[in-house]
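To keep things clear, I will list the structure first and then write my remarks on it.
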Amino acid sequence: MSSKSSVTIIGRLTRDPEQKAAANSDTMFTKLRLAWNDRKDEPAYIDATLFGKTGEIAAKYLKKGSHIAVMNARLQWREYEVEGQKRTDYSLVGGELVMLGKDNDDTHAAPAAAKVDDSDIPF
């Protein structure tokens with residue numbers, strides 16, 4: 001049985017999305033950098049790569065500071081050495097994108113409830 005990691009991260013973009021074409025291919029992808037606070041309320045960071053229409057939407061509508069969720073992404077890691085010290089780098093690949101809006105920004109807010117005239121209610 002194969003195992004597949006699925007990760008969801010909610011955070012803010014630390015920079016504008018960067019759309020690129022894959023080497024030797026017409027495949028487009030978009031790179032993001034997310035920040036969020038961990039359990040100790042310290043900042044944590046992770047890179048994400050989105051492909052296809054999801055990547056296009058991210059590149060078109062998101063900017064530094066955008067509040068988003070990357071859901072059902074695959075967690076990828078690589079190990080490398082810098083000056084003799086082993087390092088590990090984690091990133092998110094693919095997944096779904098949910099735009100959560102900004103704090104104090106009403107552009108994504110639900111419309112206000114309409115006032116109901118209760119004289120028309122039959123009970």
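Residue numbering restarts at 1 for every chain of the structure tokens, chains are lettered A, B, ... in their displayed order, and ligands are numbered from 1 as they appear.
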Give me the residues within 8 Å of Leu97 (chain A) as a list in words, counting only C-alpha atoms and dropping any in the same chain fewer than 4 places off. Thr54, Ala58, Ile68, Ala69, Val70 and Met71 of chain A
Out of A:Glu83, A:Glu56, A:Glu96, A:Asp89, which residue has the shortest atom-to-atom distance to Ile10 (chain A) when counting only C-alpha atoms? A:Glu96
Might you pull out every residue within 10 Å of Glu79 (chain A), with only C-alpha atoms counted and same-chain residues fewer than 3 positions away left off, and present them as a PyMOL selection string? chain A and resi 86-90
Taking C-alpha atoms for each residue, export the selection above as a short mmCIF file (atom, residue, chain, number, x, y, z; two decimals), in the first residue's frame.
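result-v7.cif, freshly written:
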```cif
data_model
loop_
_atom_site.label_atom_id
_atom_site.label_comp_id
_atom_site.auth_asym_id
_atom_site.auth_seq_id
_atom_site.Cartn_x
_atom_site.Cartn_y
_atom_site.Cartn_z
CA LYS A 86 23.02 19.01 6.65
CA ARG A 87 19.84 20.95 5.97
CA THR A 88 16.29 19.91 5.18
CA ASP A 89 13.90 21.96 3.08
CA TYR A 90 10.14 21.34 3.03
#
```
Residue with smallest distance to Gly94 (chain A) - pool A:Lys31, A:Lys64, A:Arg78, A:Lys40, counting only C-alpha atoms: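 Using only C-alpha atoms, the shortest distance to Gly94 (chain A) belongs to A:Lys31.
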Excluding Tyr61 (chain A) and its own-chain neighbours fewer than 4 positions away, which residues fall within 10 Å of it when counting only C-alpha atoms? Please give them as number ranges by chain. A: 16-17, 56-57, 66, 99
Excluding Ser5 (chain A) and residues on its chain fewer than 5 positions from it, collect all residues at most 9 Å away from it, counting only C-alpha atoms, and give them as an MDAnalysis selection string. chainID A and resid 72:76
